[in-house]
Amino acid sequence: MERDQDWHDALAALAWQVELGADEAILAAPVPRYEEPAGAPAAPTAAPAQATLLPDTAPAAALPVYGAIGEAAAIAASCTTLAELRQRMEAFDGCALKKGARNFVFCDGHASADLMIVGEAPGAEEDRAGLPFVGRSGQLLDRILAAISRDRKVEEPDQGVYITNVLPWRPPQNRDPSTDEMAMMKAFLHRHIDLAAPRVLLCMGNAAMKTLFETKDGITRRRGRWEEVRGIPAMATFHPAALLRDPLKKREVWADMLEVQARLRGGP
């Protein structure tokens, strides 16, 4: 372990290696994997040619994911307040990301705000702080919001903003959320939106857009268009991190933010 690498970073690095398939340590002596052990039972006879898998048969590795999705949906449906949702989500053990994260990241801002922003997942700084959008992307987001007279620290509904992410735990190495992870946390996100009940929803980045718009399209194709999510007007735009990589996208995001501002002010 490197001296400047703490326990959490080491665990995240190990989880990343496991995801790549490195799930065993290398032993000092070679392992003859293709030799039958002494006294091994005879190989079973082949199944009849007409035998088929049962309809509900699935790879063993996939079963925990499907089970976790169902468990998450049941938990989310039972929550009647944001406080309860936060508590139940934090206790949820179905998502492996929880094991490598420092902190659970639920929200920032005030739930009374009529604008709700959904990002993708916590980064390193968000993981340390336990709050969404506090790193460089978050600082840029605050400046974008200030340009339309919004501030996450303000409690007034028509001036504040409520912020969350698709995933509440940081993915290793800040990688993009996987399809399984987004599917697992989708019911929690839907319930979060229902309980916050904003007037307008803004999805920032591909993961937020794909989870809530249920599309395979990329953000470039779908940004700037009004959709409906849970009965709420919703728009997708580029994530602030994309603007840090490509400042030319700022013009498109500014156009999207003006659309959001107009809708919040009662426009079409």
# chains A, B, ... in the order shown; residues from 1 in each chain; ligands from 1
>>> select_by_dssp(residues="segment 200-266 of chain A", states="strand (DSSP E or B)", output="list in words")
Val200, Leu201, Leu202, Cys203, Met204, Glu227, Glu228, Val229, Ile232, Pro233, Ala234, Met235, Ala236 and Thr237 of chain A
>>> residues_around(residues="Gly70 of chain A", least_positions_apart="3", cutoff="12 Å", atoms="only C-alpha atoms", output="ChimeraX atom specification")
/A:63-67,73-77,94,183-188
>>> write_last_selection(atoms="C-alpha atoms", output="compact mmCIF listing (two decimals), in the first residue's frame")
# COMPACT_ATOMS: atom_id res chain seq x y z
CA LEU A 63 -29.63 -13.23 -9.14
CA PRO A 64 -28.41 -10.95 -6.32
CA VAL A 65 -28.83 -7.93 -8.59
CA TYR A 66 -32.42 -8.79 -9.47
CA GLY A 67 -33.18 -9.56 -5.84
CA ALA A 73 -38.43 -1.12 -4.70
CA ALA A 74 -40.25 -2.56 -1.67
CA ILE A 75 -38.25 -0.43 0.76
CA ALA A 76 -38.76 2.74 -1.28
CA ALA A 77 -42.51 2.21 -1.55
CA GLY A 94 -27.87 -4.47 -1.76
CA ALA A 183 -31.52 0.00 -11.97
CA MET A 184 -30.98 -0.93 -8.31
CA MET A 185 -31.28 2.64 -7.05
CA LYS A 186 -33.99 3.80 -9.46
CA ALA A 187 -36.93 3.06 -7.13
CA PHE A 188 -35.24 5.05 -4.36
>>> closest_residue(among="A:Cys79, A:Val229, A:Arg251, A:Ser137", to="Glu125 of chain A", atoms="only C-alpha atoms")
A:Ser137
>>> select_by_dssp(residues="segment 142-209 of chain A", states="alpha helix (DSSP H)", output="PyMOL selection string")
chain A and resi 142-147+179-196+206-209
>>> closest_atom_pairs(of="segment 159-241 of chain A", to="segment 84-87 of chain A", cutoff="12 Å", atoms="only C-alpha atoms", output="Markdown table")
| residue | atom | partner | partner_atom | distance |
| --- | --- | --- | --- | --- |
| A:Thr164 | CA | A:Arg86 | CA | 11.4 |
| A:Pro168 | CA | A:Arg86 | CA | 10.0 |
| A:Ala187 | CA | A:Leu85 | CA | 11.0 |
| A:Phe188 | CA | A:Leu85 | CA | 7.7 |
| A:Leu189 | CA | A:Leu85 | CA | 9.8 |
| A:His190 | CA | A:Leu85 | CA | 11.1 |
| A:Arg191 | CA | A:Leu85 | CA | 8.0 |
| A:His192 | CA | A:Leu85 | CA | 7.4 |
| A:Ile193 | CA | A:Leu85 | CA | 11.0 |
| A:Asp194 | CA | A:Leu85 | CA | 11.1 |
| A:Leu195 | CA | A:Leu85 | CA | 9.1 |
| A:Ala196 | CA | A:Leu85 | CA | 11.0 |
>>> write_last_selection(atoms="N, CA and C atoms", output="CSV table (one decimal), in the first residue's frame")
chain,number,residue,atom,x,y,z
A,164,THR,N,-29.7,16.1,-5.5
A,164,THR,CA,-29.4,14.7,-5.1
A,164,THR,C,-28.7,14.0,-6.3
A,168,PRO,N,-26.1,7.1,-4.3
A,168,PRO,CA,-25.7,7.8,-3.1
A,168,PRO,C,-24.3,7.4,-2.6
A,187,ALA,N,-35.7,2.9,-7.9
A,187,ALA,CA,-36.9,3.1,-7.1
A,187,ALA,C,-36.7,4.1,-6.0
A,188,PHE,N,-35.5,4.1,-5.4
A,188,PHE,CA,-35.2,5.1,-4.4
A,188,PHE,C,-35.3,6.5,-4.9
A,189,LEU,N,-34.7,6.7,-6.1
A,189,LEU,CA,-34.7,8.0,-6.7
A,189,LEU,C,-36.2,8.4,-7.1
A,190,HIS,N,-37.0,7.5,-7.6
A,190,HIS,CA,-38.4,7.8,-7.9
A,190,HIS,C,-39.1,8.3,-6.6
A,191,ARG,N,-38.9,7.5,-5.5
A,191,ARG,CA,-39.6,7.9,-4.3
A,191,ARG,C,-39.0,9.2,-3.7
A,192,HIS,N,-37.8,9.5,-3.9
A,192,HIS,CA,-37.2,10.7,-3.5
A,192,HIS,C,-37.8,11.9,-4.2
A,193,ILE,N,-38.1,11.7,-5.5
A,193,ILE,CA,-38.7,12.8,-6.3
A,193,ILE,C,-40.2,13.0,-5.8
A,194,ASP,N,-40.9,11.9,-5.6
A,194,ASP,CA,-42.3,11.9,-5.2
A,194,ASP,C,-42.4,12.7,-3.9
A,195,LEU,N,-41.5,12.4,-2.9
A,195,LEU,CA,-41.6,13.0,-1.6
A,195,LEU,C,-41.2,14.5,-1.6
A,196,ALA,N,-40.2,14.8,-2.4
A,196,ALA,CA,-39.7,16.2,-2.5
A,196,ALA,C,-40.8,17.0,-3.3
